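Undergrad: The structure file target.cif (mmCIF, C-alpha atoms and all ligand atoms) is provided below.
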```
data_final
#
loop_
_atom_site.group_PDB
_atom_site.id
_atom_site.type_symbol
_atom_site.label_atom_id
_atom_site.label_comp_id
_atom_site.auth_asym_id
_atom_site.auth_seq_id
_atom_site.Cartn_x
_atom_site.Cartn_y
_atom_site.Cartn_z
ATOM 1 C CA MET L 207 0.000 0.000 0.000
ATOM 2 C CA THR L 208 1.382 3.385 -0.872
ATOM 3 C CA ARG L 209 1.510 6.229 1.568
ATOM 4 C CA ARG L 210 -0.925 8.064 -0.652
ATOM 5 C CA GLY L 211 -3.464 5.341 -0.282
ATOM 6 C CA ARG L 212 -3.587 5.291 3.433
ATOM 7 C CA THR L 213 -5.885 7.128 5.723
ATOM 8 C CA LYS L 214 -4.214 10.140 7.235
ATOM 9 C CA LYS L 215 -4.967 9.896 10.874
ATOM 10 C CA MET L 216 -3.808 12.840 12.877
ATOM 11 C CA THR L 217 -2.173 12.630 16.196
ATOM 12 C CA LYS L 218 -2.953 15.112 18.886
ATOM 13 C CA ASN L 219 0.550 16.286 18.743
ATOM 14 C CA ASN L 220 0.819 19.743 17.373
ATOM 15 C CA GLN L 221 4.540 20.087 17.457
ATOM 16 C CA ARG L 222 6.006 20.341 14.048
ATOM 17 C CA GLY L 223 9.260 19.767 12.434
ATOM 18 C CA CYS L 224 11.578 17.073 11.625
ATOM 19 C CA GLU L 225 13.654 15.938 14.359
ATOM 20 C CA THR L 226 16.212 15.834 11.977
ATOM 21 C CA ARG L 227 15.569 18.992 11.037
ATOM 22 C CA HIS L 228 15.013 19.664 14.165
ATOM 23 C CA PRO L 229 14.487 16.395 14.633
ATOM 24 C CA GLN L 230 17.243 15.869 15.100
ATOM 25 C CA GLU L 231 18.482 17.556 18.083
ATOM 26 C CA ASP L 232 21.691 16.009 17.112
ATOM 27 C CA HIS L 233 25.110 17.221 17.427
ATOM 28 C CA LEU L 234 26.412 19.061 14.452
ATOM 29 C CA PRO L 235 27.930 16.679 11.983
ATOM 30 C CA ASP L 236 31.489 15.680 12.418
ATOM 31 C CA ASN L 237 32.273 16.124 8.781
ATOM 32 C CA ALA L 238 35.852 15.143 8.959
ATOM 33 C CA LYS L 239 34.924 11.817 10.471
ATOM 34 C CA ARG L 240 32.005 11.256 8.164
ATOM 35 C CA ARG L 241 33.894 11.848 5.004
ATOM 36 C CA ARG L 242 36.100 8.880 5.685
ATOM 37 C CA LEU L 243 33.118 6.750 4.731
ATOM 38 C CA ASP L 244 31.610 7.271 1.322
ATOM 39 C CA PRO L 245 28.113 8.516 2.160
ATOM 40 C CA HIS L 246 26.720 7.563 -1.183
ATOM 41 C CA PRO L 247 28.283 4.379 -2.493
ATOM 42 C CA SER L 248 27.139 3.833 -6.047
ATOM 43 C CA SER L 249 28.443 0.314 -6.513
ATOM 44 C CA GLY L 250 25.344 -1.315 -5.041
ATOM 45 C CA ARG L 251 27.572 -3.365 -2.754
ATOM 46 C CA LEU L 252 25.909 -4.065 0.564
ATOM 47 C CA LEU L 253 27.622 -2.589 3.585
ATOM 48 C CA TYR L 254 26.694 -5.603 5.715
ATOM 49 C CA PRO L 255 26.020 -8.434 3.248
ATOM 50 C CA ASP L 256 25.496 -10.999 6.021
ATOM 51 C CA PHE L 257 23.140 -8.848 8.050
ATOM 52 C CA GLU L 258 19.790 -9.482 6.432
ATOM 53 C CA ARG L 259 17.533 -7.302 8.530
ATOM 54 C CA PRO L 260 15.247 -5.566 8.180
ATOM 55 C CA THR L 261 13.400 -7.580 5.578
ATOM 56 C CA ALA L 262 10.815 -5.867 3.416
ATOM 57 C CA GLN L 263 8.113 -7.723 5.325
ATOM 58 C CA GLU L 264 9.454 -6.444 8.650
ATOM 59 C CA CYS L 265 9.468 -2.912 7.287
ATOM 60 C CA ARG L 266 5.847 -3.192 6.251
ATOM 61 C CA ASP L 267 4.854 -4.782 9.543
ATOM 62 C CA VAL L 268 6.584 -2.139 11.673
ATOM 63 C CA ARG L 269 5.153 0.642 9.532
ATOM 64 C CA ASP L 270 1.656 -0.802 9.957
ATOM 65 C CA ARG L 271 2.044 -1.269 13.702
ATOM 66 C CA LEU L 272 3.283 2.267 14.258
ATOM 67 C CA MET L 273 0.673 3.701 11.927
ATOM 68 C CA ALA L 274 -2.048 1.899 13.865
ATOM 69 C CA LEU L 275 -0.862 3.570 17.063
ATOM 70 C CA HIS L 276 0.020 7.049 15.840
ATOM 71 C CA GLY L 277 -1.689 7.542 12.536
ATOM 72 C CA PHE L 278 0.480 9.508 10.182
ATOM 73 C CA PRO L 279 2.216 12.085 12.432
ATOM 74 C CA GLN L 280 0.757 15.536 12.084
ATOM 75 C CA GLU L 281 4.155 17.114 12.616
ATOM 76 C CA PHE L 282 5.250 15.738 9.225
ATOM 77 C CA GLU L 283 1.992 16.105 7.381
ATOM 78 C CA GLU L 284 3.111 19.110 5.346
ATOM 79 C CA TYR L 285 5.990 17.125 3.880
ATOM 80 C CA ARG L 286 3.766 14.187 3.113
ATOM 81 C CA ARG L 287 1.404 16.328 1.126
ATOM 82 C CA ASN L 288 4.364 17.586 -0.834
ATOM 83 C CA ALA L 289 5.490 14.050 -1.402
ATOM 84 C CA ASP L 290 2.069 13.148 -2.718
ATOM 85 C CA ALA L 291 1.887 16.169 -4.977
ATOM 86 C CA ALA L 292 5.328 15.459 -6.360
ATOM 87 C CA THR L 293 4.133 12.181 -7.752
ATOM 88 C CA HIS L 294 1.061 13.677 -9.358
ATOM 89 C CA SER L 295 0.811 15.033 -12.839
ATOM 90 C CA SER L 296 1.627 18.644 -13.526
ATOM 91 C CA GLU L 297 -2.063 19.411 -13.975
ATOM 92 C CA ASP L 298 -2.585 18.470 -10.392
ATOM 93 C CA SER L 299 -1.278 21.787 -9.217
ATOM 94 C CA GLY L 300 -3.358 22.328 -6.104
ATOM 95 C CA ALA L 301 -2.104 24.502 -3.308
ATOM 96 C CA VAL L 302 1.258 22.870 -2.977
ATOM 97 C CA GLN L 303 4.000 24.345 -5.024
ATOM 98 C CA VAL L 304 6.317 21.468 -5.606
ATOM 99 C CA LYS L 305 8.313 22.520 -8.564
ATOM 100 C CA SER L 306 8.509 26.116 -9.518
ATOM 101 C CA GLU L 307 10.985 28.656 -10.620
ATOM 102 C CA ALA L 308 9.398 30.807 -7.982
ATOM 103 C CA GLY L 309 11.458 28.731 -5.604
ATOM 104 C CA CYS L 310 14.452 30.736 -6.695
ATOM 105 C CA SER L 311 12.930 33.767 -5.115
ATOM 106 C CA ASP L 312 12.381 33.879 -1.424
ATOM 107 C CA SER L 313 9.385 32.592 0.359
ATOM 108 C CA GLY L 314 9.731 34.738 3.416
ATOM 109 C CA GLY L 315 8.227 31.635 4.765
ATOM 110 C CA ASN L 316 7.422 29.706 7.801
ATOM 111 C CA GLY L 317 10.539 27.730 8.333
ATOM 112 C CA VAL L 318 9.596 24.953 5.969
ATOM 113 C CA GLY L 319 10.088 27.133 2.965
ATOM 114 C CA SER L 320 8.864 26.763 -0.574
ATOM 115 C CA SER L 321 12.334 26.808 -2.062
ATOM 116 C CA VAL L 322 15.022 24.162 -1.781
ATOM 117 C CA LEU L 323 17.347 26.736 -0.271
ATOM 118 C CA ASP L 324 14.757 27.670 2.344
ATOM 119 C CA GLY L 325 14.543 23.994 3.219
ATOM 120 C CA LEU L 326 18.280 23.561 3.475
ATOM 121 C CA VAL L 327 18.729 26.605 5.695
ATOM 122 C CA SER L 328 15.844 25.524 7.907
ATOM 123 C CA ILE L 329 17.580 22.173 8.390
ATOM 124 C CA LEU L 330 20.866 23.862 9.270
ATOM 125 C CA LEU L 331 19.111 26.113 11.751
ATOM 126 C CA SER L 332 17.421 23.124 13.365
ATOM 127 C CA GLN L 333 20.618 21.496 14.521
ATOM 128 C CA ASN L 334 21.058 21.339 18.272
ATOM 129 C CA THR L 335 17.943 23.251 19.148
ATOM 130 C CA THR L 336 14.213 22.820 19.512
ATOM 131 C CA ASP L 337 11.701 22.957 16.687
ATOM 132 C CA ALA L 338 10.288 26.182 18.100
ATOM 133 C CA ASN L 339 13.652 27.921 18.350
ATOM 134 C CA SER L 340 14.802 26.862 14.921
ATOM 135 C CA ARG L 341 11.582 28.106 13.387
ATOM 136 C CA ARG L 342 11.961 31.376 15.263
ATOM 137 C CA ALA L 343 15.512 31.716 13.969
ATOM 138 C CA PHE L 344 14.371 31.118 10.402
ATOM 139 C CA LEU L 345 11.636 33.735 10.644
ATOM 140 C CA SER L 346 14.024 36.192 12.251
ATOM 141 C CA LEU L 347 16.504 35.619 9.438
ATOM 142 C CA LYS L 348 13.902 36.174 6.748
ATOM 143 C CA SER L 349 12.610 39.235 8.513
ATOM 144 C CA ALA L 350 16.051 40.831 8.763
ATOM 145 C CA PHE L 351 17.170 39.753 5.282
ATOM 146 C CA PRO L 352 14.244 39.205 2.920
ATOM 147 C CA THR L 353 16.253 37.646 0.096
ATOM 148 C CA TRP L 354 19.145 35.195 -0.004
ATOM 149 C CA ASP L 355 21.152 37.842 -1.821
ATOM 150 C CA ASP L 356 20.606 40.042 1.235
ATOM 151 C CA VAL L 357 21.862 37.254 3.471
ATOM 152 C CA HIS L 358 24.876 36.767 1.254
ATOM 153 C CA ALA L 359 25.689 40.474 1.374
ATOM 154 C CA ALA L 360 25.145 40.826 5.121
ATOM 155 C CA GLU L 361 27.999 41.186 7.556
ATOM 156 C CA SER L 362 28.434 37.982 9.518
ATOM 157 C CA LYS L 363 27.788 39.643 12.865
ATOM 158 C CA PHE L 364 24.348 40.845 11.714
ATOM 159 C CA LEU L 365 23.550 37.426 10.341
ATOM 160 C CA GLU L 366 24.567 35.845 13.640
ATOM 161 C CA ASN L 367 22.370 38.285 15.530
ATOM 162 C CA ALA L 368 19.402 37.373 13.365
ATOM 163 C CA ILE L 369 19.666 33.643 14.071
ATOM 164 C CA ARG L 370 20.973 33.773 17.639
ATOM 165 C CA CYS L 371 17.714 32.436 19.099
ATOM 166 C CA GLY L 372 18.453 29.124 17.375
ATOM 167 C CA GLY L 373 21.820 28.662 19.087
ATOM 168 C CA LEU L 374 25.275 28.045 17.625
ATOM 169 C CA ALA L 375 24.859 31.293 15.716
ATOM 170 C CA HIS L 376 28.487 31.666 14.710
ATOM 171 C CA THR L 377 28.784 28.155 13.275
ATOM 172 C CA LYS L 378 25.415 28.234 11.545
ATOM 173 C CA ALA L 379 25.956 31.696 10.072
ATOM 174 C CA HIS L 380 29.306 30.574 8.732
ATOM 175 C CA ARG L 381 27.758 27.519 7.095
ATOM 176 C CA ILE L 382 24.910 29.475 5.555
ATOM 177 C CA LYS L 383 27.331 32.046 4.182
ATOM 178 C CA ASN L 384 29.510 29.315 2.722
ATOM 179 C CA ILE L 385 26.594 27.725 0.929
ATOM 180 C CA LEU L 386 25.438 31.015 -0.578
ATOM 181 C CA LYS L 387 28.958 31.928 -1.612
ATOM 182 C CA THR L 388 29.541 28.526 -3.212
ATOM 183 C CA LEU L 389 26.241 28.730 -5.086
ATOM 184 C CA LEU L 390 27.055 32.134 -6.472
ATOM 185 C CA GLU L 391 30.524 31.038 -7.535
ATOM 186 C CA LYS L 392 29.476 27.742 -9.090
ATOM 187 C CA LYS L 393 26.026 28.532 -10.453
ATOM 188 C CA GLY L 394 26.074 32.274 -10.960
ATOM 189 C CA LYS L 395 23.018 32.772 -8.795
ATOM 190 C CA ILE L 396 21.855 31.926 -5.309
ATOM 191 C CA CYS L 397 19.319 29.250 -6.056
ATOM 192 C CA MET L 398 19.107 25.491 -5.506
ATOM 193 C CA GLU L 399 16.028 24.674 -7.537
ATOM 194 C CA TYR L 400 18.211 22.894 -10.080
ATOM 195 C CA LEU L 401 18.467 20.016 -7.604
ATOM 196 C CA ARG L 402 14.825 19.111 -8.166
ATOM 197 C CA ASP L 403 15.608 17.711 -11.605
ATOM 198 C CA MET L 404 18.540 15.594 -10.483
ATOM 199 C CA PRO L 405 18.490 11.940 -9.412
ATOM 200 C CA THR L 406 19.144 11.215 -5.755
ATOM 201 C CA GLU L 407 22.723 9.996 -6.052
ATOM 202 C CA LYS L 408 23.694 13.017 -8.131
ATOM 203 C CA ILE L 409 22.159 15.322 -5.564
ATOM 204 C CA LYS L 410 24.257 13.661 -2.866
ATOM 205 C CA THR L 411 27.393 14.072 -4.922
ATOM 206 C CA GLU L 412 26.520 17.686 -5.666
ATOM 207 C CA LEU L 413 25.827 18.611 -2.056
ATOM 208 C CA HIS L 414 28.937 16.843 -0.865
ATOM 209 C CA GLN L 415 30.864 19.730 -2.432
ATOM 210 C CA PHE L 416 29.350 22.233 -0.026
ATOM 211 C CA LYS L 417 31.264 22.728 3.176
ATOM 212 C CA GLY L 418 29.364 21.944 6.339
ATOM 213 C CA LEU L 419 26.705 19.695 4.816
ATOM 214 C CA GLY L 420 26.869 16.285 6.448
ATOM 215 C CA PRO L 421 25.051 13.153 5.266
ATOM 216 C CA LYS L 422 22.156 13.671 7.669
ATOM 217 C CA THR L 423 21.514 17.213 6.493
ATOM 218 C CA VAL L 424 21.562 15.988 2.905
ATOM 219 C CA ALA L 425 19.266 13.073 3.744
ATOM 220 C CA CYS L 426 16.769 15.402 5.412
ATOM 221 C CA LEU L 427 16.796 17.733 2.442
ATOM 222 C CA LEU L 428 16.223 14.784 0.115
ATOM 223 C CA MET L 429 13.353 13.317 2.095
ATOM 224 C CA PHE L 430 11.535 16.404 3.330
ATOM 225 C CA HIS L 431 12.183 19.079 0.742
ATOM 226 C CA LEU L 432 12.999 17.226 -2.475
ATOM 227 C CA GLN L 433 10.521 14.393 -1.963
ATOM 228 C CA LYS L 434 13.134 11.749 -2.696
ATOM 229 C CA ASP L 435 13.201 8.287 -1.163
ATOM 230 C CA ASP L 436 15.888 8.591 1.442
ATOM 231 C CA PHE L 437 16.075 7.587 5.091
ATOM 232 C CA PRO L 438 17.833 10.028 7.429
ATOM 233 C CA VAL L 439 19.006 8.561 10.703
ATOM 234 C CA ASP L 440 18.367 10.914 13.572
ATOM 235 C CA THR L 441 18.768 10.131 17.230
ATOM 236 C CA HIS L 442 15.314 8.473 17.504
ATOM 237 C CA VAL L 443 15.700 6.439 14.330
ATOM 238 C CA PHE L 444 19.150 5.262 15.375
ATOM 239 C CA ARG L 445 18.078 4.288 18.872
ATOM 240 C CA ILE L 446 14.926 2.430 17.843
ATOM 241 C CA THR L 447 16.355 0.594 14.840
ATOM 242 C CA LYS L 448 19.253 -0.552 16.975
ATOM 243 C CA SER L 449 16.893 -1.679 19.721
ATOM 244 C CA ILE L 450 14.783 -3.772 17.355
ATOM 245 C CA GLY L 451 17.802 -5.373 15.738
ATOM 246 C CA TRP L 452 17.687 -3.679 12.363
ATOM 247 C CA ILE L 453 21.296 -2.570 12.422
ATOM 248 C CA PRO L 454 24.435 -4.395 13.564
ATOM 249 C CA PRO L 455 25.277 -3.567 17.179
ATOM 250 C CA SER L 456 28.617 -2.130 16.124
ATOM 251 C CA ALA L 457 27.172 0.230 13.504
ATOM 252 C CA ASN L 458 27.541 3.934 14.121
ATOM 253 C CA ARG L 459 24.926 6.339 12.853
ATOM 254 C CA GLU L 460 26.568 6.869 9.505
ATOM 255 C CA LYS L 461 26.811 3.153 8.797
ATOM 256 C CA ALA L 462 23.244 2.733 10.024
ATOM 257 C CA TYR L 463 22.192 5.316 7.431
ATOM 258 C CA LEU L 464 23.882 3.401 4.631
ATOM 259 C CA HIS L 465 22.603 0.023 5.806
ATOM 260 C CA LEU L 466 18.999 1.109 6.354
ATOM 261 C CA ASN L 467 18.885 2.913 3.029
ATOM 262 C CA GLN L 468 19.984 -0.283 1.353
ATOM 263 C CA ARG L 469 17.501 -2.496 3.192
ATOM 264 C CA ILE L 470 14.295 -0.470 3.523
ATOM 265 C CA PRO L 471 12.067 -0.450 0.415
ATOM 266 C CA ASP L 472 11.846 3.033 -1.090
ATOM 267 C CA ASN L 473 8.085 3.242 -0.828
ATOM 268 C CA LEU L 474 8.225 2.687 2.938
ATOM 269 C CA LYS L 475 11.072 5.052 3.797
ATOM 270 C CA PHE L 476 9.138 8.251 4.289
ATOM 271 C CA ASP L 477 6.392 6.886 6.495
ATOM 272 C CA LEU L 478 8.711 4.674 8.521
ATOM 273 C CA ASN L 479 11.126 7.500 9.157
ATOM 274 C CA CYS L 480 8.445 9.925 10.323
ATOM 275 C CA LEU L 481 6.817 7.252 12.456
ATOM 276 C CA PHE L 482 10.080 6.290 14.179
ATOM 277 C CA VAL L 483 10.769 9.930 15.059
ATOM 278 C CA THR L 484 7.306 10.494 16.491
ATOM 279 C CA HIS L 485 7.271 7.125 18.241
ATOM 280 C CA GLY L 486 10.611 7.886 19.857
ATOM 281 C CA LYS L 487 9.072 10.927 21.498
ATOM 282 C CA HIS L 488 5.965 9.151 22.800
ATOM 283 C CA CYS L 489 6.909 5.603 23.711
ATOM 284 C CA GLN L 490 7.900 4.684 27.227
ATOM 285 C CA ARG L 491 9.938 1.792 25.883
ATOM 286 C CA CYS L 492 11.560 3.447 22.887
ATOM 287 C CA ALA L 493 12.226 6.961 24.218
ATOM 288 C CA SER L 494 15.736 7.951 25.163
ATOM 289 C CA GLY L 495 16.338 6.813 28.744
ATOM 290 C CA ARG L 496 12.728 5.588 28.731
ATOM 291 C CA GLN L 497 11.739 9.179 29.395
ATOM 292 C CA PRO L 498 9.320 10.170 26.613
ATOM 293 C CA GLN L 499 9.133 13.862 25.721
ATOM 294 C CA ARG L 500 5.427 13.507 25.053
ATOM 295 C CA ALA L 501 2.520 11.634 26.590
ATOM 296 C CA PRO L 502 2.637 7.862 25.998
ATOM 297 C CA LEU L 503 -0.185 6.665 23.765
ATOM 298 C CA GLY L 504 -0.245 3.016 24.738
ATOM 299 C CA PRO L 505 1.924 -0.089 24.958
ATOM 300 C CA CYS L 506 4.801 -0.279 22.528
ATOM 301 C CA PRO L 507 3.586 -2.005 19.358
ATOM 302 C CA LEU L 508 7.170 -3.096 18.633
ATOM 303 C CA SER L 509 7.505 -5.190 21.789
ATOM 304 C CA GLY L 510 7.894 -8.365 19.754
ATOM 305 C CA TYR L 511 10.894 -6.856 17.991
ATOM 306 C CA HIS L 512 12.801 -5.680 21.021
ATOM 307 C CA ALA L 513 15.499 -7.996 22.275
ATOM 308 C CA GLY L 514 14.986 -9.303 25.793
HETATM 309 ZN ZN ZN N 601 8.081 1.735 21.368
#
```
Mind converting the file's structure to structure tokens?
TA:
Amino acid sequence: MTRRGRTKKMTKNNQRGCETRHPQEDHLPDNAKRRRLDPHPSSGRLLYPDFERPTAQECRDVRDRLMALHGFPQEFEEYRRNADAATHSSEDSGAVQVKSEAGCSDSGGNGVGSSVLDGLVSILLSQNTTDANSRRAFLSLKSAFPTWDDVHAAESKFLENAIRCGGLAHTKAHRIKNILKTLLEKKGKICMEYLRDMPTEKIKTELHQFKGLGPKTVACLLMFHLQKDDFPVDTHVFRITKSIGWIPPSANREKAYLHLNQRIPDNLKFDLNCLFVTHGKHCQRCASGRQPQRAPLGPCPLSGYHAG
């Protein structure tokens, strides 16, 4: 069953954002370490050829179990609509602007952004902070500097001031500046809409050239803003997939990303990823330290998968 075909049950949770994006209250990527491992192997060779989990059937089963408990998480609904629209014909324009040259201008948006560059910057701003603070930082940035050309031209200290509420202002401002500068140098204009027409592996190769963009940032951009089938591994996804035996015990997060992307069927990646993130916030069993950030919604539906 495709994600389009399923009923969209809403949770009561009104927090938004990808944990990656935001979801991902992770530490900023250790790029030096990550680049030792090719983040996008094109050979098709399996990273762990003898580790045969998860199977496609397990992926479907876990997706169905989590969906039965949570419905499709409201916090990711906006991205799911985009994903649906992206697979529709061009006549099916609707309210969602999936592919438009208008994306090269600036949305002045809400933190999700209608342009690819809006999406990328919102992901960068989400690192190591809450959804609310990263969204506030994005809005503050767009308010102070309405266009990306304005951001590019701004003195770093003013840029840092604009995004300070999202934390790590110096590092994030530096990364944003680098991206804009690289775009202008390589493409002649500050716009990333050209990525929409590229296949996933080429997008990964392309973004690898930008300083400060780690594999998780790229994976989030692919899944949430480019509607590609990719499977970012944030702290919740890593913890839960390890707990249910889907990744080798020795795998770090980067290897988990490669392994899970190889094993999980493309058509299940988006829903499974969103469901793991939301489940990791609600479940007494699966939350970090068994201390859920949000109210538990019932017994863990993955109990049969947990070891011990
Ligand atoms: Zn659970």
Undergrad: Applying 10 Å and all atoms listed in the file, which residues near L:Leu386 remain after dropping the ones on its own chain fewer than 2 positions away? List them as a list in words.
TA: Leu323, Trp354, Asp355, Val357, His358, Ala359, Arg381, Ile382, Lys383, Asn384, Thr388, Leu389, Leu390, Glu391, Lys392, Lys395, Ile396, Cys397, Met398 and Phe416 of chain L
Undergrad: Could you list, as a PyMOL selection string, all residues that come within 6 Å of ligand ZN 601 (chain N)? Count all atoms listed in the file.
TA: chain L and resi 489+491-492+506+508
Undergrad: The PyMOL selection byres (((chain L and resi 505) around 12) and not hetatm) on the file shown: which residues, as JSON, numbers by chain?
TA: {"L": [271, 272, 274, 275, 276, 485, 488, 489, 490, 491, 492, 501, 502, 503, 504, 506, 507, 508, 509, 510]}
Undergrad: Could you give me the centre and size, in Å to one decimal, of an axis-aligned box around all listed atoms of stretch 370-381 of chain L with 3 Å added on every side, as JSON?
TA:
```
{"center_x": 23.5, "center_y": 30.6, "center_z": 13.1, "size_x": 17.6, "size_y": 12.3, "size_z": 18.0}
```
Undergrad: I want to know what sits within 10 Å of L:Arg370, based on only C-alpha atoms, with residues of the same chain fewer than 6 positions away left out; could you give that as number ranges by chain?
TA: L: 331, 339-340, 342-343, 346-347, 364, 376, 378-379
Undergrad: So the first atom is atom CA of L:Ile453 and the second is atom CA of L:Gln263; what is the distance between them in Å, to one decimal place?
TA: 15.8 Å
Undergrad: So how far away is atom CA of L:Leu481 from atom CA of L:Lys422, in Å?
TA: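 Result for atom CA of L:Lys422 versus atom CA of L:Leu481: 17.3 Å, one decimal.
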Undergrad: How would you write, as a list in words, the residues chosen by the PyMOL selection byres (((chain L and resi 426-435) around 7) and not hetatm) on this structure?
TA: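 Evaluating the PyMOL selection byres (((chain L and resi 426-435) around 7) and not hetatm) on these coordinates yields Thr226, Arg227, Tyr285, Ala289, Ala292, Val322, Gly325, Leu326, Arg402, Thr406, Lys422, Thr423, Val424, Ala425, Asp436, Phe437, Pro438, Asp472, Lys475 and Phe476 of chain L.
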Undergrad: What is the atom CA of L:Ala462-atom CA of L:Met273 distance in Å, reported with one decimal?
TA: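 Computing the Euclidean distance for atom CA of L:Ala462 and atom CA of L:Met273 yields 22.7 Å.
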Undergrad: Nearest residue to L:Pro260 out of L:Lys417, L:Arg496, L:Lys461, L:Lys448, using only C-alpha atoms?
TA: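 Among L:Lys417, L:Arg496, L:Lys461, L:Lys448, it is L:Lys448 that comes nearest to L:Pro260.
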Undergrad: Point out the residue among L:Tyr400, L:Phe444, L:Phe278, L:Phe344 with the least atom-to-atom distance to L:Gly486, counting all atoms listed in the file.
TA: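 Looking at the shortest contact to L:Gly486, the residue is L:Phe444.
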Undergrad: With only C-alpha atoms as the atoms that count, which of L:Pro454, L:Gly418, L:Gly277, L:Pro255 lies nearest to L:Ile385?
TA: L:Gly418
Undergrad: Find the spatial neighbours of L:Phe257, counting only C-alpha atoms, within a cut-off of 12 Å - ignore same-chain residues fewer than 2 positions away - and output them as a count of residues only.
TA: 19
Undergrad: When you look at L:Lys363 with a cut-off of 10 Å (counting all atoms listed in the file), what residues show up, excluding the ones that are within fewer than 3 positions of it in the same chain? I need them as a list in words.
TA: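 Those residues are Ala360, Glu366, Asn367, Ala368, Ala375, His376 and Ala379 of chain L.
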Undergrad: Go ahead and save the picked residues with C-alpha atoms, as a short mmCIF file (atom, residue, chain, number, x, y, z; two decimals), keeping the file's coordinate frame.
TA:
```
data_model
loop_
_atom_site.label_atom_id
_atom_site.label_comp_id
_atom_site.auth_asym_id
_atom_site.auth_seq_id
_atom_site.Cartn_x
_atom_site.Cartn_y
_atom_site.Cartn_z
CA ALA L 360 25.14 40.83 5.12
CA GLU L 366 24.57 35.84 13.64
CA ASN L 367 22.37 38.28 15.53
CA ALA L 368 19.40 37.37 13.36
CA ALA L 375 24.86 31.29 15.72
CA HIS L 376 28.49 31.67 14.71
CA ALA L 379 25.96 31.70 10.07
#
```
